[in-house]
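Visitor: Dropping the structure in here first, questions after.
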Amino acid sequence: MFIQTETTPNPATLKFLPGMTVLETGTADFPSAAAAEASPLARRIFAQRGVSGVFFGSDFITVTKDEEMRWEHVKPAILGAIMEHFQSGAPVMEGAAVAAGGHAGHDGPDSAIVAQIKELLDTRVRPAVAQDGGDITFHGFERGVVYLHMQGACAGCPSSTLTLKMGIENLLRHYIPEVSEVRPIAL
């Protein structure tokens with residue numbers, strides 16, 4: 001098994017490509033070891049010293065390290081943990097745990113606007129962000145403000161504010177006049 005790695009715009013995060021499907025659908029975000037209970041793979045990665053976050057996409061695993069750790073000290077152990085997991089045949093997610101579908105639900109008077117926002121996020125934003133090892137999902141819309149949840153490499157990325165304001169906000173405002181601003185939300 002050969003696992004490729006790619007850097008991301010977030011220097012504390014690396015993208016690991018195992019060359020096989022990680023999740024059939026959706027994404028899974030584990031911002032802490034405690035959140036990794038439903039995933040044998042995430043638990044195995046968190047068992048490595050210096051890991052502070054794990055995120056799964058369809059064909060990649062994004063790992064965030066502690067600030068004080070250096071990648072040359074953390075990366076070999078993570079590669080070993082990923083390889084051991086896939087060779088063991090254990091599931092990525094166990095029991096009834098399933099990957100998240102992404103966006104929060106929304107109904108009410110703004111449901112048509114929210115549907116447009118989600119469509120633009122799914123077709124224009126999320127594929128590009130997945131290339132960088134992360135995901136951005138809809139969380140809410142209130143009085144012209146779109147609230148988005150940033151995951152994986154996007155969470156804590158130094159360029160995430162620029163991506164939100166100059167990229168996503170401008171895109172949404174261009175296509176949907178009711179949108180006035182985009183803000184990140186932490187869950």
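Residues in the structure tokens are named by chain (A, B, ... in the order shown) and by number from 1 within that chain; ligands are numbered from 1 in the order shown.
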Could you list, as JSON, numbers by chain, every residue within 6 Å of stretch 12-24 of chain A, counting only C-alpha atoms and ignoring same-chain residues fewer than 2 positions away?

Guide: {"A": [3, 4, 5, 6, 7, 8, 10, 58, 59, 60, 61, 62, 63, 64, 65, 133, 153]}

Visitor: Among stretch 29-150 of chain A, which ones does DSSP assign to helix (DSSP H, G or I) (computed from the backbone)? Answer as number ranges by chain.

Guide: A: 33-36, 40-46, 71-88, 111-131

Visitor: Using only C-alpha atoms, find each residue in stretch 59-132 of chain A having at least one atom no more than 8 Å away from stretch 31-52 of chain A; report its shortest atom-to-atom pair and that distance in Å (one decimal), rows by chain then rising number, as JSON lines.

Guide:
```
{"residue": "A:Val63", "atom": "CA", "partner": "A:Val51", "partner_atom": "CA", "distance": 7.0}
{"residue": "A:Thr64", "atom": "CA", "partner": "A:Ser52", "partner_atom": "CA", "distance": 5.5}
{"residue": "A:Lys65", "atom": "CA", "partner": "A:Val51", "partner_atom": "CA", "distance": 4.5}
{"residue": "A:Asp66", "atom": "CA", "partner": "A:Gly50", "partner_atom": "CA", "distance": 5.2}
{"residue": "A:Met69", "atom": "CA", "partner": "A:Gly50", "partner_atom": "CA", "distance": 6.1}
{"residue": "A:Val74", "atom": "CA", "partner": "A:Gly50", "partner_atom": "CA", "distance": 6.5}
{"residue": "A:Ala77", "atom": "CA", "partner": "A:Gln48", "partner_atom": "CA", "distance": 6.4}
{"residue": "A:Ile78", "atom": "CA", "partner": "A:Ile45", "partner_atom": "CA", "distance": 6.0}
{"residue": "A:Ala81", "atom": "CA", "partner": "A:Ile45", "partner_atom": "CA", "distance": 5.9}
{"residue": "A:Ile82", "atom": "CA", "partner": "A:Ile45", "partner_atom": "CA", "distance": 7.1}
{"residue": "A:His85", "atom": "CA", "partner": "A:Leu41", "partner_atom": "CA", "distance": 6.2}
{"residue": "A:Ala90", "atom": "CA", "partner": "A:Pro40", "partner_atom": "CA", "distance": 7.3}
{"residue": "A:Pro91", "atom": "CA", "partner": "A:Pro40", "partner_atom": "CA", "distance": 6.9}
{"residue": "A:Val92", "atom": "CA", "partner": "A:Leu41", "partner_atom": "CA", "distance": 5.4}
{"residue": "A:Met93", "atom": "CA", "partner": "A:Ser39", "partner_atom": "CA", "distance": 4.4}
{"residue": "A:Glu94", "atom": "CA", "partner": "A:Ala38", "partner_atom": "CA", "distance": 5.7}
{"residue": "A:Gly95", "atom": "CA", "partner": "A:Ala38", "partner_atom": "CA", "distance": 7.4}
{"residue": "A:Ala97", "atom": "CA", "partner": "A:Ala38", "partner_atom": "CA", "distance": 6.0}
```

Visitor: Got time to write the residues from that selection, all heavy atoms, as a CSV table (one decimal), in the first residue's frame?

Guide:
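out-v9.csv, written as the output of this step:
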```csv
chain,number,residue,atom,x,y,z
A,63,VAL,N,-5.2,15.3,8.4
A,63,VAL,CA,-4.8,15.3,9.8
A,63,VAL,C,-4.2,16.6,10.2
A,63,VAL,O,-3.3,17.2,9.5
A,63,VAL,CB,-3.8,14.1,10.1
A,63,VAL,CG1,-3.3,14.1,11.5
A,63,VAL,CG2,-4.4,12.8,9.7
A,64,THR,N,-4.6,17.1,11.4
A,64,THR,CA,-4.1,18.4,11.9
A,64,THR,C,-3.2,18.0,13.1
A,64,THR,O,-3.6,17.2,14.0
A,64,THR,CB,-5.2,19.3,12.3
A,64,THR,OG1,-6.0,19.6,11.2
A,64,THR,CG2,-4.7,20.7,12.8
A,65,LYS,N,-2.0,18.6,13.2
A,65,LYS,CA,-1.1,18.4,14.3
A,65,LYS,C,-1.1,19.5,15.3
A,65,LYS,O,-1.6,20.6,15.0
A,65,LYS,CB,0.3,18.2,13.7
A,65,LYS,CG,0.9,19.4,13.1
A,65,LYS,CD,2.4,19.3,12.8
A,65,LYS,CE,3.0,20.6,12.3
A,65,LYS,NZ,3.0,21.7,13.2
A,66,ASP,N,-0.6,19.2,16.5
A,66,ASP,CA,-0.4,20.3,17.5
A,66,ASP,C,0.6,21.3,17.0
A,66,ASP,O,1.5,20.9,16.2
A,66,ASP,CB,0.1,19.6,18.8
A,66,ASP,CG,-0.9,18.7,19.4
A,66,ASP,OD1,-2.1,18.9,19.2
A,66,ASP,OD2,-0.5,17.8,20.2
A,69,MET,N,4.4,20.6,17.4
A,69,MET,CA,5.0,19.4,16.8
A,69,MET,C,5.5,19.7,15.4
A,69,MET,O,4.9,20.6,14.7
A,69,MET,CB,4.0,18.2,16.7
A,69,MET,CG,3.5,17.7,18.1
A,69,MET,SD,4.8,17.0,19.1
A,69,MET,CE,5.1,15.5,18.2
A,74,VAL,N,5.8,13.6,13.2
A,74,VAL,CA,4.5,13.1,13.4
A,74,VAL,C,4.1,12.3,12.1
A,74,VAL,O,3.4,11.2,12.3
A,74,VAL,CB,3.4,14.3,13.5
A,74,VAL,CG1,2.0,13.8,13.6
A,74,VAL,CG2,3.8,15.2,14.7
A,77,ALA,N,4.4,8.2,11.9
A,77,ALA,CA,3.5,7.4,12.7
A,77,ALA,C,2.1,7.4,12.2
A,77,ALA,O,1.4,6.4,12.3
A,77,ALA,CB,3.5,8.0,14.2
A,78,ILE,N,1.7,8.6,11.6
A,78,ILE,CA,0.4,8.7,11.0
A,78,ILE,C,0.3,7.8,9.8
A,78,ILE,O,-0.7,7.0,9.6
A,78,ILE,CB,0.0,10.1,10.7
A,78,ILE,CG1,-0.1,11.0,11.9
A,78,ILE,CG2,-1.3,10.2,9.9
A,78,ILE,CD1,-0.1,12.5,11.7
A,81,ALA,N,-0.1,4.3,11.0
A,81,ALA,CA,-1.5,4.0,11.6
A,81,ALA,C,-2.5,3.8,10.5
A,81,ALA,O,-3.3,2.9,10.5
A,81,ALA,CB,-1.9,5.2,12.5
A,82,ILE,N,-2.4,4.7,9.4
A,82,ILE,CA,-3.4,4.5,8.3
A,82,ILE,C,-3.1,3.2,7.6
A,82,ILE,O,-4.1,2.5,7.3
A,82,ILE,CB,-3.2,5.7,7.3
A,82,ILE,CG1,-3.7,7.0,8.0
A,82,ILE,CG2,-4.0,5.5,6.0
A,82,ILE,CD1,-3.3,8.3,7.2
A,85,HIS,N,-4.4,0.3,9.6
A,85,HIS,CA,-5.9,0.2,9.6
A,85,HIS,C,-6.4,-0.4,8.4
A,85,HIS,O,-7.2,-1.3,8.4
A,85,HIS,CB,-6.5,1.6,9.8
A,85,HIS,CG,-8.0,1.5,9.7
A,85,HIS,ND1,-8.8,1.2,10.8
A,85,HIS,CD2,-8.8,1.7,8.7
A,85,HIS,CE1,-10.0,1.2,10.4
A,85,HIS,NE2,-10.1,1.5,9.2
A,90,ALA,N,-10.5,-3.5,9.1
A,90,ALA,CA,-11.5,-2.9,10.0
A,90,ALA,C,-12.3,-1.8,9.3
A,90,ALA,O,-11.7,-1.2,8.4
A,90,ALA,CB,-10.8,-2.3,11.3
A,91,PRO,N,-13.5,-1.5,9.7
A,91,PRO,CA,-14.3,-0.5,9.0
A,91,PRO,C,-13.7,0.9,9.4
A,91,PRO,O,-13.1,1.1,10.5
A,91,PRO,CB,-15.7,-0.6,9.6
A,91,PRO,CG,-15.5,-1.3,10.9
A,91,PRO,CD,-14.3,-2.2,10.8
A,92,VAL,N,-14.0,1.9,8.6
A,92,VAL,CA,-13.6,3.3,8.9
A,92,VAL,C,-14.5,3.8,9.9
A,92,VAL,O,-14.1,4.5,10.9
A,92,VAL,CB,-13.6,4.1,7.6
A,92,VAL,CG1,-13.4,5.6,7.9
A,92,VAL,CG2,-12.5,3.7,6.6
A,93,MET,N,-15.8,3.5,9.8
A,93,MET,CA,-16.8,3.9,10.8
A,93,MET,C,-17.5,2.7,11.2
A,93,MET,O,-17.7,1.8,10.4
A,93,MET,CB,-17.9,4.9,10.1
A,93,MET,CG,-17.3,6.1,9.5
A,93,MET,SD,-16.7,7.3,10.6
A,93,MET,CE,-18.1,8.1,11.2
A,94,GLU,N,-17.8,2.6,12.5
A,94,GLU,CA,-18.4,1.3,13.0
A,94,GLU,C,-19.8,1.5,13.6
A,94,GLU,O,-20.2,2.6,13.9
A,94,GLU,CB,-17.5,0.7,14.1
A,94,GLU,CG,-17.3,1.5,15.3
A,94,GLU,CD,-16.2,0.8,16.2
A,94,GLU,OE1,-15.6,-0.2,15.8
A,94,GLU,OE2,-16.1,1.3,17.3
A,95,GLY,N,-20.5,0.4,13.7
A,95,GLY,CA,-21.9,0.5,14.2
A,95,GLY,C,-22.8,1.2,13.3
A,95,GLY,O,-22.7,1.2,12.1
A,97,ALA,N,-22.9,4.4,13.1
A,97,ALA,CA,-22.3,5.7,12.7
A,97,ALA,C,-22.2,5.8,11.2
A,97,ALA,O,-21.8,4.9,10.5
A,97,ALA,CB,-20.9,5.8,13.3
```

Visitor: At a cut-off of 8 Å, using only C-alpha atoms, what residues contact stretch 167-173 of chain A? Leave out same-chain residues fewer than 6 positions from it and give the result as number ranges by chain.

Guide: A: 117, 120, 125, 179-182

Visitor: Could those residues be written to a file, using all heavy atoms, as a CSV table (one decimal), in the first residue's frame?

Guide:
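Generated output (again.csv):
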```csv
chain,number,residue,atom,x,y,z
A,117,ILE,N,-28.2,28.8,-2.0
A,117,ILE,CA,-26.9,28.8,-1.3
A,117,ILE,C,-26.3,27.4,-1.3
A,117,ILE,O,-25.1,27.3,-1.6
A,117,ILE,CB,-27.1,29.4,0.1
A,117,ILE,CG1,-27.5,30.9,0.1
A,117,ILE,CG2,-25.8,29.2,0.9
A,117,ILE,CD1,-28.0,31.4,1.4
A,120,LEU,N,-25.0,26.3,-4.7
A,120,LEU,CA,-23.7,27.0,-5.1
A,120,LEU,C,-22.6,26.4,-4.3
A,120,LEU,O,-21.5,26.2,-4.8
A,120,LEU,CB,-23.8,28.5,-4.9
A,120,LEU,CG,-24.5,29.3,-6.0
A,120,LEU,CD1,-24.8,30.7,-5.5
A,120,LEU,CD2,-23.8,29.2,-7.3
A,125,VAL,N,-18.1,25.5,-4.4
A,125,VAL,CA,-17.2,25.7,-3.3
A,125,VAL,C,-16.7,24.4,-2.8
A,125,VAL,O,-15.4,24.2,-2.7
A,125,VAL,CB,-17.9,26.5,-2.2
A,125,VAL,CG1,-17.0,26.6,-1.0
A,125,VAL,CG2,-18.4,27.9,-2.7
A,179,VAL,N,-28.0,37.8,-0.1
A,179,VAL,CA,-26.8,37.6,0.7
A,179,VAL,C,-26.0,38.8,0.9
A,179,VAL,O,-25.6,39.4,-0.1
A,179,VAL,CB,-26.0,36.4,0.2
A,179,VAL,CG1,-24.7,36.3,1.0
A,179,VAL,CG2,-26.7,35.1,0.2
A,180,SER,N,-25.8,39.2,2.1
A,180,SER,CA,-25.0,40.4,2.4
A,180,SER,C,-23.6,40.1,3.0
A,180,SER,O,-22.7,40.9,2.8
A,180,SER,CB,-25.7,41.4,3.3
A,180,SER,OG,-26.0,40.8,4.6
A,181,GLU,N,-23.5,39.0,3.7
A,181,GLU,CA,-22.3,38.6,4.4
A,181,GLU,C,-22.2,37.1,4.6
A,181,GLU,O,-23.2,36.5,4.7
A,181,GLU,CB,-22.2,39.4,5.7
A,181,GLU,CG,-21.0,39.2,6.5
A,181,GLU,CD,-21.0,40.0,7.8
A,181,GLU,OE1,-22.0,40.6,8.1
A,181,GLU,OE2,-20.0,39.9,8.5
A,182,VAL,N,-20.9,36.6,4.8
A,182,VAL,CA,-20.7,35.3,5.1
A,182,VAL,C,-19.8,35.3,6.4
A,182,VAL,O,-18.9,36.0,6.4
A,182,VAL,CB,-20.0,34.5,4.0
A,182,VAL,CG1,-19.6,33.1,4.4
A,182,VAL,CG2,-20.9,34.4,2.7
```

Visitor: Hey, what's within 12 Å of A:Ile113 if we count only C-alpha atoms and toss same-chain stuff fewer than 3 positions away? As a PyMOL selection string, please?

Guide: chain A and resi 106-110+116-120+140-146+172-173+175-179
